[in-house]
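Just protein.csv here, CSV, C-alpha atoms:
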chain,number,residue,atom,x,y,z
B,1,MET,CA,50.9,-40.9,2.3
B,2,VAL,CA,49.0,-43.9,1.2
B,3,THR,CA,47.2,-45.8,3.9
B,4,ASP,CA,47.0,-49.6,3.9
B,5,THR,CA,43.3,-50.5,3.9
B,6,THR,CA,43.9,-53.9,5.4
B,7,GLY,CA,46.0,-52.8,8.4
B,8,GLY,CA,45.2,-49.1,8.8
B,9,GLY,CA,48.9,-48.3,8.8
B,10,VAL,CA,51.3,-46.9,6.3
B,11,SER,CA,51.5,-48.6,2.9
B,12,THR,CA,54.0,-51.5,2.6
B,13,GLU,CA,53.3,-51.8,-1.1
B,14,LYS,CA,56.9,-51.5,-2.3
B,15,TRP,CA,58.1,-54.2,0.1
B,16,ASP,CA,55.2,-56.5,-0.7
B,17,GLN,CA,56.0,-56.1,-4.4
B,18,LEU,CA,59.6,-56.9,-3.7
B,19,TYR,CA,58.9,-60.0,-1.6
B,20,GLU,CA,56.5,-61.2,-4.3
B,21,ALA,CA,59.1,-60.6,-7.0
B,22,LEU,CA,61.6,-62.7,-5.1
B,23,ALA,CA,59.2,-65.5,-4.3
B,24,ALA,CA,60.3,-67.7,-7.3
B,25,GLN,CA,63.7,-69.2,-7.9
B,26,PRO,CA,64.1,-68.2,-11.5
B,27,ARG,CA,63.3,-64.6,-10.6
B,28,ARG,CA,65.8,-64.6,-7.8
B,29,MET,CA,68.4,-66.1,-10.2
B,30,ILE,CA,67.8,-63.3,-12.8
B,31,ILE,CA,68.4,-60.6,-10.1
B,32,PHE,CA,71.5,-62.4,-8.9
B,33,SER,CA,72.8,-62.8,-12.4
B,34,LEU,CA,72.4,-59.1,-13.2
B,35,LEU,CA,73.9,-58.2,-9.9
B,36,LYS,CA,77.2,-59.9,-10.9
B,37,GLU,CA,77.5,-58.0,-14.1
B,38,PRO,CA,78.1,-54.3,-15.1
B,39,GLU,CA,75.0,-52.1,-14.9
B,40,ASP,CA,74.2,-51.7,-18.6
B,41,LYS,CA,75.0,-55.2,-19.7
B,42,TRP,CA,72.4,-57.3,-21.5
B,43,LEU,CA,72.5,-61.0,-20.4
B,44,PRO,CA,71.4,-63.9,-22.6
B,45,LEU,CA,68.3,-65.7,-21.6
B,46,PRO,CA,67.3,-68.3,-20.6
B,47,ASP,CA,70.9,-68.7,-19.2
B,48,ALA,CA,70.6,-65.8,-16.8
B,49,ALA,CA,67.6,-67.5,-15.1
B,50,SER,CA,69.0,-71.0,-15.1
B,51,SER,CA,70.1,-72.6,-11.9
B,52,PRO,CA,71.1,-76.2,-10.9
B,53,MET,CA,67.7,-76.6,-9.1
B,54,GLN,CA,65.6,-75.2,-11.9
B,55,PRO,CA,67.5,-75.6,-15.2
B,56,MET,CA,66.1,-73.9,-18.3
B,57,ASP,CA,66.9,-76.8,-20.5
B,58,SER,CA,63.4,-77.5,-21.8
B,59,PRO,CA,60.6,-75.4,-23.4
B,60,GLU,CA,58.3,-75.3,-20.4
B,61,PRO,CA,60.5,-73.3,-18.0
B,62,CYS,CA,61.1,-70.9,-20.8
B,63,ILE,CA,57.4,-70.5,-21.4
B,64,HIS,CA,57.1,-69.6,-17.7
B,65,LEU,CA,59.9,-67.1,-18.1
B,66,ARG,CA,58.3,-65.2,-21.0
B,67,HIS,CA,54.7,-65.4,-19.7
B,68,HIS,CA,55.2,-65.0,-16.0
B,69,HIS,CA,58.6,-64.3,-14.4
B,70,LEU,CA,60.0,-61.7,-16.8
B,71,PRO,CA,56.8,-59.6,-17.2
B,72,LYS,CA,56.4,-59.7,-13.4
B,73,LEU,CA,59.9,-58.3,-12.8
B,74,ALA,CA,59.6,-55.8,-15.7
B,75,GLU,CA,56.2,-54.5,-14.4
B,76,ALA,CA,57.9,-53.5,-11.1
B,77,GLY,CA,60.7,-51.8,-13.1
B,78,TYR,CA,63.3,-54.2,-11.8
B,79,ILE,CA,64.4,-55.4,-15.2
B,80,ARG,CA,64.0,-54.9,-19.0
B,81,TRP,CA,63.7,-57.9,-21.3
B,82,LYS,CA,63.6,-58.5,-25.1
B,83,SER,CA,62.3,-61.4,-26.9
B,84,ASP,CA,64.6,-61.6,-29.9
B,85,PRO,CA,67.3,-62.2,-29.1
B,86,PHE,CA,66.0,-63.4,-25.7
B,87,ARG,CA,67.9,-61.2,-23.2
B,88,VAL,CA,67.6,-59.2,-19.9
B,89,GLN,CA,69.0,-56.0,-18.5
B,90,ARG,CA,68.7,-54.1,-15.2
B,91,GLY,CA,65.5,-51.9,-15.1
B,92,PRO,CA,65.1,-48.4,-13.5
B,93,HIS,CA,64.3,-49.8,-10.1
B,94,PHE,CA,66.8,-52.7,-10.2
B,95,GLU,CA,68.6,-51.3,-7.1
B,96,GLU,CA,65.6,-52.4,-4.9
B,97,PRO,CA,65.8,-56.2,-5.5
B,98,GLY,CA,69.6,-55.8,-6.1
B,99,PHE,CA,70.2,-54.3,-2.7
B,100,VAL,CA,68.1,-56.9,-0.9
B,101,VAL,CA,69.6,-59.9,-2.7
B,102,SER,CA,73.1,-58.7,-2.1
B,103,LYS,CA,72.4,-58.2,1.6
B,104,LEU,CA,70.9,-61.7,1.8
B,105,ILE,CA,73.9,-63.2,0.1
B,106,GLU,CA,76.3,-61.3,2.4
B,107,SER,CA,74.9,-62.9,5.5
B,108,ASP,CA,73.9,-66.3,4.3
B,109,ARG,CA,76.3,-68.1,6.7
B,110,GLU,CA,74.5,-66.6,9.7
B,111,TYR,CA,71.1,-68.0,8.9
B,112,PRO,CA,69.3,-70.6,11.1
B,113,GLU,CA,70.2,-74.1,10.0
B,114,ARG,CA,67.3,-75.0,7.8
B,115,LEU,CA,67.7,-71.8,5.8
B,116,ARG,CA,71.4,-72.1,5.7
B,117,ASN,CA,71.0,-75.6,4.1
B,118,GLU,CA,69.5,-73.9,1.1
B,119,CYS,CA,71.3,-71.3,-1.0
B,120,VAL,CA,69.7,-67.9,-0.5
B,121,VAL,CA,69.2,-67.3,-4.2
B,122,ILE,CA,68.8,-70.5,-5.9
B,123,GLY,CA,68.0,-73.1,-3.3
B,124,GLY,CA,69.9,-76.4,-3.0
B,125,ALA,CA,73.5,-76.9,-2.2
B,126,ALA,CA,75.3,-74.9,-4.9
B,127,ASN,CA,76.7,-71.8,-3.3
B,128,ASP,CA,78.9,-69.8,-5.6
B,129,SER,CA,77.5,-66.5,-4.4
B,130,ASN,CA,80.9,-64.9,-4.0
D,1,MET,CA,54.2,-89.0,-16.5
D,2,THR,CA,54.0,-85.4,-15.6
D,3,ARG,CA,50.9,-83.4,-16.6
D,4,THR,CA,51.6,-80.1,-18.3
D,5,ASP,CA,50.9,-77.2,-16.0
D,6,LEU,CA,48.0,-74.9,-16.8
D,7,LEU,CA,50.1,-71.9,-17.8
D,8,THR,CA,52.0,-73.9,-20.3
D,9,GLU,CA,48.8,-75.6,-21.5
D,10,VAL,CA,47.1,-72.2,-22.1
D,11,VAL,CA,50.1,-70.7,-23.9
D,12,LYS,CA,50.5,-73.8,-26.1
D,13,ALA,CA,46.8,-73.9,-26.9
D,14,VAL,CA,46.8,-70.2,-28.0
D,15,ALA,CA,50.0,-70.8,-30.0
D,16,ALA,CA,48.3,-73.8,-31.7
D,17,ALA,CA,45.2,-71.7,-32.4
D,18,ASP,CA,47.3,-69.0,-34.0
D,19,GLY,CA,49.7,-71.4,-35.7
D,20,VAL,CA,52.7,-69.8,-34.1
D,21,GLU,CA,55.4,-70.8,-31.6
D,22,PRO,CA,54.7,-70.3,-27.9
D,23,ALA,CA,57.4,-67.6,-27.8
D,24,ALA,CA,55.5,-65.6,-30.3
D,25,VAL,CA,52.3,-65.4,-28.2
D,26,GLU,CA,51.8,-62.2,-26.2
D,27,PRO,CA,52.8,-62.5,-22.5
D,28,LEU,CA,50.0,-64.1,-20.6
D,29,HIS,CA,50.9,-61.9,-17.6
D,30,ASP,CA,49.4,-58.9,-19.6
D,31,TYR,CA,46.0,-60.5,-19.3
D,32,VAL,CA,45.7,-62.5,-16.1
D,33,ASP,CA,48.0,-63.0,-13.1
D,34,PRO,CA,49.8,-66.3,-13.9
D,35,GLU,CA,49.6,-67.1,-10.2
D,36,VAL,CA,45.9,-67.6,-10.6
D,37,LEU,CA,46.5,-70.4,-13.0
D,38,ASN,CA,49.0,-72.0,-10.6
D,39,LYS,CA,46.2,-71.8,-7.9
D,40,LEU,CA,43.7,-73.4,-10.3
D,41,ASP,CA,46.2,-76.1,-11.0
D,42,GLU,CA,46.2,-77.1,-7.4
D,43,MET,CA,42.4,-76.9,-7.2
D,44,LYS,CA,41.5,-80.2,-8.6
D,45,ASN,CA,38.1,-81.2,-7.2
D,46,GLU,CA,34.8,-82.9,-8.0
D,47,HIS,CA,32.8,-79.7,-8.2
D,48,ASP,CA,31.9,-78.1,-11.5
D,49,TRP,CA,33.6,-74.8,-12.1
D,50,ARG,CA,35.0,-72.9,-15.0
D,51,PHE,CA,37.4,-69.9,-15.2
D,52,THR,CA,37.3,-67.7,-18.2
D,53,PHE,CA,39.4,-64.7,-19.3
D,54,GLN,CA,40.3,-62.8,-22.4
D,55,TYR,CA,43.8,-63.4,-23.9
D,56,GLY,CA,44.5,-61.2,-26.9
D,57,ASP,CA,41.8,-61.9,-29.4
D,58,HIS,CA,40.9,-65.2,-27.7
D,59,HIS,CA,38.4,-66.2,-25.1
D,60,ILE,CA,40.0,-68.8,-22.8
D,61,THR,CA,38.0,-71.2,-20.7
D,62,ILE,CA,39.5,-73.5,-18.1
D,63,ARG,CA,37.3,-76.2,-16.8
D,64,HIS,CA,37.4,-78.1,-13.5
D,65,ASP,CA,38.8,-81.1,-15.2
D,66,SER,CA,41.6,-78.7,-16.3
D,67,ARG,CA,40.6,-78.9,-19.9
D,68,VAL,CA,41.5,-75.7,-21.8
D,69,LEU,CA,39.3,-74.2,-24.4
D,70,VAL,CA,40.3,-71.5,-26.8
D,71,ASP,CA,37.2,-69.7,-28.2
D,72,GLY,CA,35.3,-72.8,-27.3
D,73,GLU,CA,37.6,-75.2,-29.2
D,74,CYS,CA,39.8,-77.8,-27.5
D,75,TYR,CA,43.4,-77.5,-28.6
D,76,ARG,CA,44.7,-80.6,-26.9
D,77,SER,CA,48.4,-80.3,-27.2
D,78,GLU,CA,50.7,-82.8,-25.5
D,79,ARG,CA,48.8,-83.2,-22.3
D,80,SER,CA,51.5,-85.2,-20.8
D,81,VAL,CA,55.2,-85.3,-21.5

Any chance you could give the structure as C-alpha coordinates?
Amino acid sequence: MVTDTTGGGVSTEKWDQLYEALAAQPRRMIIFSLLKEPEDKWLPLPDAASSPMQPMDSPEPCIHLRHHHLPKLAEAGYIRWKSDPFRVQRGPHFEEPGFVVSKLIESDREYPERLRNECVVIGGAANDSN
Amino acid sequence: MTRTDLLTEVVKAVAAADGVEPAAVEPLHDYVDPEVLNKLDEMKNEHDWRFTFQYGDHHITIRHDSRVLVDGECYRSERSV
(Lines of atoms letter the chains of each structure in order from A and count residues from 1; the text may use other names and numbers.)
(Lines give C-alpha, C1' and ligand atoms only; values in the text may rest on other atoms or scores of the structure.)
Protein backbone atom coordinates (compact mmCIF):
# COMPACT_ATOMS: atom_id res chain seq x y z
CA MET A 1 0.00 0.00 0.00
CA VAL A 2 1.26 3.42 -0.97
CA THR A 3 1.81 5.87 1.81
CA ASP A 4 1.04 9.52 1.47
CA THR A 5 4.23 11.37 2.26
CA THR A 6 2.40 14.55 3.21
CA GLY A 7 0.03 13.01 5.72
CA GLY A 8 1.68 9.76 6.68
CA GLY A 9 -1.57 7.94 5.97
CA VAL A 10 -2.93 5.82 3.16
CA SER A 11 -2.74 7.27 -0.34
CA THR A 12 -5.70 9.34 -1.52
CA GLU A 13 -4.25 9.72 -4.99
CA LYS A 14 -7.26 8.40 -6.90
CA TRP A 15 -9.65 10.69 -5.07
CA ASP A 16 -7.34 13.69 -5.46
CA GLN A 17 -7.12 12.97 -9.17
CA LEU A 18 -10.90 12.74 -9.36
CA TYR A 19 -11.51 16.01 -7.52
CA GLU A 20 -8.98 17.73 -9.73
CA ALA A 21 -10.59 16.32 -12.85
CA LEU A 22 -13.96 17.67 -11.76
CA ALA A 23 -12.59 21.09 -10.77
CA ALA A 24 -13.47 22.80 -14.05
CA GLN A 25 -16.87 23.30 -15.55
CA PRO A 26 -16.14 22.07 -19.09
CA ARG A 27 -14.65 18.87 -17.63
CA ARG A 28 -17.74 18.25 -15.49
CA MET A 29 -19.91 18.92 -18.51
CA ILE A 30 -18.02 16.33 -20.61
CA ILE A 31 -18.51 13.66 -17.91
CA PHE A 32 -22.17 14.62 -17.59
CA SER A 33 -22.73 14.50 -21.36
CA LEU A 34 -21.13 11.04 -21.61
CA LEU A 35 -23.16 9.81 -18.64
CA LYS A 36 -26.40 10.49 -20.49
CA GLU A 37 -25.42 8.46 -23.54
CA PRO A 38 -24.78 4.76 -24.26
CA GLU A 39 -21.33 3.50 -23.17
CA ASP A 40 -19.59 3.24 -26.51
CA LYS A 41 -20.99 6.31 -28.13
CA TRP A 42 -18.70 9.02 -29.47
CA LEU A 43 -20.06 12.51 -28.82
CA PRO A 44 -19.23 15.49 -31.01
CA LEU A 45 -17.02 18.20 -29.52
CA PRO A 46 -17.06 20.97 -28.58
CA ASP A 47 -20.83 20.46 -28.05
CA ALA A 48 -20.32 17.78 -25.37
CA ALA A 49 -18.35 20.29 -23.28
CA SER A 50 -20.59 23.28 -23.87
CA SER A 51 -22.89 24.66 -21.19
CA PRO A 52 -24.90 27.87 -20.83
CA MET A 53 -22.31 29.22 -18.38
CA GLN A 54 -19.32 28.33 -20.52
CA PRO A 55 -20.41 28.07 -24.13
CA MET A 56 -17.88 26.74 -26.62
CA ASP A 57 -18.84 29.22 -29.29
CA SER A 58 -15.47 30.86 -29.85
CA PRO A 59 -11.95 29.59 -30.59
CA GLU A 60 -10.49 30.19 -27.14
CA PRO A 61 -12.60 27.77 -25.07
CA CYS A 62 -11.87 25.17 -27.74
CA ILE A 63 -8.13 25.78 -27.39
CA HIS A 64 -8.52 25.15 -23.65
CA LEU A 65 -10.41 21.94 -24.40
CA ARG A 66 -7.71 20.51 -26.67
CA HIS A 67 -4.71 21.69 -24.70
CA HIS A 68 -5.93 21.33 -21.13
CA HIS A 69 -9.30 19.75 -20.30
CA LEU A 70 -9.36 16.80 -22.71
CA PRO A 71 -5.74 15.67 -22.15
CA LYS A 72 -6.28 15.96 -18.40
CA LEU A 73 -9.36 13.72 -18.44
CA ALA A 74 -7.70 11.30 -20.87
CA GLU A 75 -4.56 11.04 -18.74
CA ALA A 76 -6.67 9.74 -15.86
CA GLY A 77 -8.30 7.24 -18.23
CA TYR A 78 -11.70 8.88 -17.79
CA ILE A 79 -12.21 9.62 -21.49
CA ARG A 80 -10.78 9.11 -24.98
CA TRP A 81 -10.79 11.90 -27.50
CA LYS A 82 -9.94 12.40 -31.15
CA SER A 83 -9.02 15.55 -32.96
CA ASP A 84 -10.52 14.92 -36.37
CA PRO A 85 -13.41 14.79 -36.26
CA PHE A 86 -13.33 16.40 -32.83
CA ARG A 87 -15.07 13.90 -30.53
CA VAL A 88 -15.05 12.22 -27.10
CA GLN A 89 -15.92 8.78 -25.70
CA ARG A 90 -15.86 7.12 -22.27
CA GLY A 91 -12.41 5.88 -21.24
CA PRO A 92 -11.43 2.73 -19.28
CA HIS A 93 -11.91 4.46 -15.90
CA PHE A 94 -14.98 6.49 -16.82
CA GLU A 95 -17.00 4.80 -14.09
CA GLU A 96 -15.02 6.72 -11.43
CA PRO A 97 -16.09 10.28 -12.39
CA GLY A 98 -19.34 8.88 -13.84
CA PHE A 99 -20.35 7.38 -10.51
CA VAL A 100 -19.49 10.49 -8.52
CA VAL A 101 -21.20 12.91 -10.90
CA SER A 102 -24.36 10.78 -11.02
CA LYS A 103 -24.49 10.69 -7.19
CA LEU A 104 -23.98 14.45 -7.04
CA ILE A 105 -26.84 15.01 -9.44
CA GLU A 106 -29.14 12.62 -7.58
CA SER A 107 -28.91 14.59 -4.37
CA ASP A 108 -28.64 18.11 -5.75
CA ARG A 109 -31.85 19.25 -4.10
CA GLU A 110 -30.54 18.41 -0.65
CA TYR A 111 -27.52 20.70 -0.78
CA PRO A 112 -27.05 23.73 1.47
CA GLU A 113 -28.57 26.80 -0.09
CA ARG A 114 -25.53 28.43 -1.68
CA LEU A 115 -24.58 25.19 -3.39
CA ARG A 116 -28.16 24.47 -4.35
CA ASN A 117 -28.31 27.81 -6.15
CA GLU A 118 -25.77 26.55 -8.62
CA CYS A 119 -26.21 23.48 -10.72
CA VAL A 120 -23.92 20.65 -9.57
CA VAL A 121 -22.47 20.06 -12.98
CA ILE A 122 -22.47 23.25 -14.92
CA GLY A 123 -23.06 26.05 -12.46
CA GLY A 124 -25.77 28.63 -12.96
CA ALA A 125 -29.47 28.19 -12.99
CA ALA A 126 -30.02 25.68 -15.76
CA ASN A 127 -30.79 22.32 -14.26
CA ASP A 128 -31.84 19.75 -16.78
CA SER A 129 -29.98 17.02 -14.96
CA ASN A 130 -32.81 14.55 -15.18
CA MET B 1 -11.11 44.65 -23.81
CA THR B 2 -10.19 41.25 -22.49
CA ARG B 3 -6.60 40.18 -22.63
CA THR B 4 -5.99 36.76 -24.08
CA ASP B 5 -5.08 34.25 -21.39
CA LEU B 6 -1.56 32.80 -21.36
CA LEU B 7 -2.49 29.28 -22.44
CA THR B 8 -4.24 30.61 -25.54
CA GLU B 9 -1.39 33.03 -26.14
CA VAL B 10 1.25 30.28 -26.02
CA VAL B 11 -0.71 27.92 -28.28
CA LYS B 12 -1.41 30.67 -30.81
CA ALA B 13 2.20 31.78 -30.78
CA VAL B 14 3.43 28.24 -31.49
CA ALA B 15 0.78 27.81 -34.18
CA ALA B 16 1.96 31.09 -35.76
CA ALA B 17 5.61 29.97 -35.56
CA ASP B 18 4.72 26.67 -37.26
CA GLY B 19 2.30 28.25 -39.71
CA VAL B 20 -0.58 25.98 -38.65
CA GLU B 21 -3.95 26.26 -36.91
CA PRO B 22 -3.97 26.10 -33.08
CA ALA B 23 -5.89 22.81 -33.35
CA ALA B 24 -2.92 21.28 -35.19
CA VAL B 25 -0.44 22.05 -32.40
CA GLU B 26 0.40 19.20 -30.00
CA PRO B 27 -1.50 19.36 -26.68
CA LEU B 28 0.28 21.76 -24.34
CA HIS B 29 -0.70 19.44 -21.49
CA ASP B 30 1.93 16.95 -22.73
CA TYR B 31 4.68 19.45 -21.90
CA VAL B 32 3.59 21.56 -18.96
CA ASP B 33 0.66 21.49 -16.55
CA PRO B 34 -1.68 24.13 -18.02
CA GLU B 35 -2.64 25.12 -14.47
CA VAL B 36 0.85 26.56 -14.15
CA LEU B 37 0.06 29.05 -16.91
CA ASN B 38 -3.22 29.95 -15.20
CA LYS B 39 -1.24 30.66 -12.03
CA LEU B 40 1.29 32.77 -13.93
CA ASP B 41 -1.60 34.69 -15.48
CA GLU B 42 -2.68 35.72 -12.00
CA MET B 43 0.85 36.57 -10.96
CA LYS B 44 1.16 40.04 -12.44
CA ASN B 45 3.73 41.97 -10.48
CA GLU B 46 6.54 44.44 -10.70
CA HIS B 47 9.28 41.93 -10.14
CA ASP B 48 11.33 40.54 -12.95
CA TRP B 49 10.77 36.84 -13.59
CA ARG B 50 10.63 34.50 -16.52
CA PHE B 51 9.26 31.02 -16.93
CA THR B 52 10.66 28.77 -19.63
CA PHE B 53 9.73 25.33 -20.88
CA GLN B 54 10.14 23.06 -23.89
CA TYR B 55 7.06 22.67 -26.11
CA GLY B 56 7.64 20.25 -28.97
CA ASP B 57 10.60 21.60 -30.92
CA HIS B 58 10.19 25.04 -29.40
CA HIS B 59 11.60 26.80 -26.41
CA ILE B 60 8.92 28.94 -24.78
CA THR B 61 9.66 31.89 -22.52
CA ILE B 62 7.00 33.77 -20.59
CA ARG B 63 8.10 37.06 -19.08
CA HIS B 64 6.75 38.90 -16.10
CA ASP B 65 4.99 41.37 -18.40
CA SER B 66 3.27 38.24 -19.83
CA ARG B 67 5.05 38.58 -23.14
CA VAL B 68 5.42 35.17 -24.81
CA LEU B 69 8.56 34.29 -26.76
CA VAL B 70 8.91 31.25 -29.05
CA ASP B 71 12.60 30.42 -29.54
CA GLY B 72 13.38 33.97 -28.53
CA GLU B 73 10.99 35.52 -31.07
CA CYS B 74 7.89 37.42 -30.15
CA TYR B 75 4.85 36.18 -32.05
CA ARG B 76 2.43 38.80 -30.97
CA SER B 77 -0.92 37.44 -32.08
CA GLU B 78 -4.08 39.32 -31.19
CA ARG B 79 -3.13 40.31 -27.67
CA SER B 80 -6.62 41.57 -27.03
CA VAL B 81 -9.91 40.64 -28.56

Check: From the list D:Asp33, D:Thr4, D:Asp18, D:Lys12, which residue is nearest Pro71 (chain B) when using all atoms listed in the file?
Finding: D:Asp33

Check: Any idea what's packed within 6 Å of region 88-103 of chain B, counting only C-alpha atoms, ignoring anything in its chain fewer than 4 positions away? Could you give it as a list of chain:residue names?
Finding: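 Returned residues: B:Trp42, B:Leu43, B:Gly77, B:Tyr78, B:Ile79, B:Arg80, B:Trp81.
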
Notebook entry, point to check: Got a sec to pull out which chain D residues are within 6 Å of chain B, counting only C-alpha atoms, and send them as an NGL selection string?
Noted result: :D and (27-29 or 34)

Notebook entry, point to check: Can you tell me how far CA of Asp71 (chain D) sits from CA of Tyr31 (chain D), in Å to one decimal?
Noted result: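 Going from CA of Asp71 (chain D) over to CA of Tyr31 (chain D), I get 15.5 Å.
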
Check: Rounded to one decimal in Å, what is the spacing between CA of Met43 (chain D) and CA of Thr8 (chain D)?
Finding: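 Those two atoms sit 16.5 Å apart.
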
Notebook entry, point to check: Do you have the CA of His64 (chain D)-CA of Ala17 (chain D) distance handy?
Noted result: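 A separation of 21.4 Å between them.
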
Notebook entry, point to check: Which one of B:Pro46, B:Pro26, B:Pro38, B:Gly9 sits closest to Lys82 (chain B) if you count all atoms listed in the file?
Noted result: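 Counting all atoms listed in the file, the residue closest to Lys82 (chain B) is B:Pro46.
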
Item checked: Who sits within 10 Å of Ala15 (chain D), only C-alpha atoms, same chain under 5 positions skipped, as a VMD selection string -> chain D and resid 9 to 10 20 to 26 75

Keeping only C-alpha atoms, write the selected residues to a file as a short mmCIF file (atom, residue, chain, number, x, y, z; two decimals), keeping the file's coordinate frame.
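File written: part-v3.cif
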data_model
loop_
_atom_site.label_atom_id
_atom_site.label_comp_id
_atom_site.auth_asym_id
_atom_site.auth_seq_id
_atom_site.Cartn_x
_atom_site.Cartn_y
_atom_site.Cartn_z
CA GLU D 9 48.80 -75.60 -21.50
CA VAL D 10 47.10 -72.20 -22.10
CA VAL D 20 52.70 -69.80 -34.10
CA GLU D 21 55.40 -70.80 -31.60
CA PRO D 22 54.70 -70.30 -27.90
CA ALA D 23 57.40 -67.60 -27.80
CA ALA D 24 55.50 -65.60 -30.30
CA VAL D 25 52.30 -65.40 -28.20
CA GLU D 26 51.80 -62.20 -26.20
CA TYR D 75 43.40 -77.50 -28.60
#
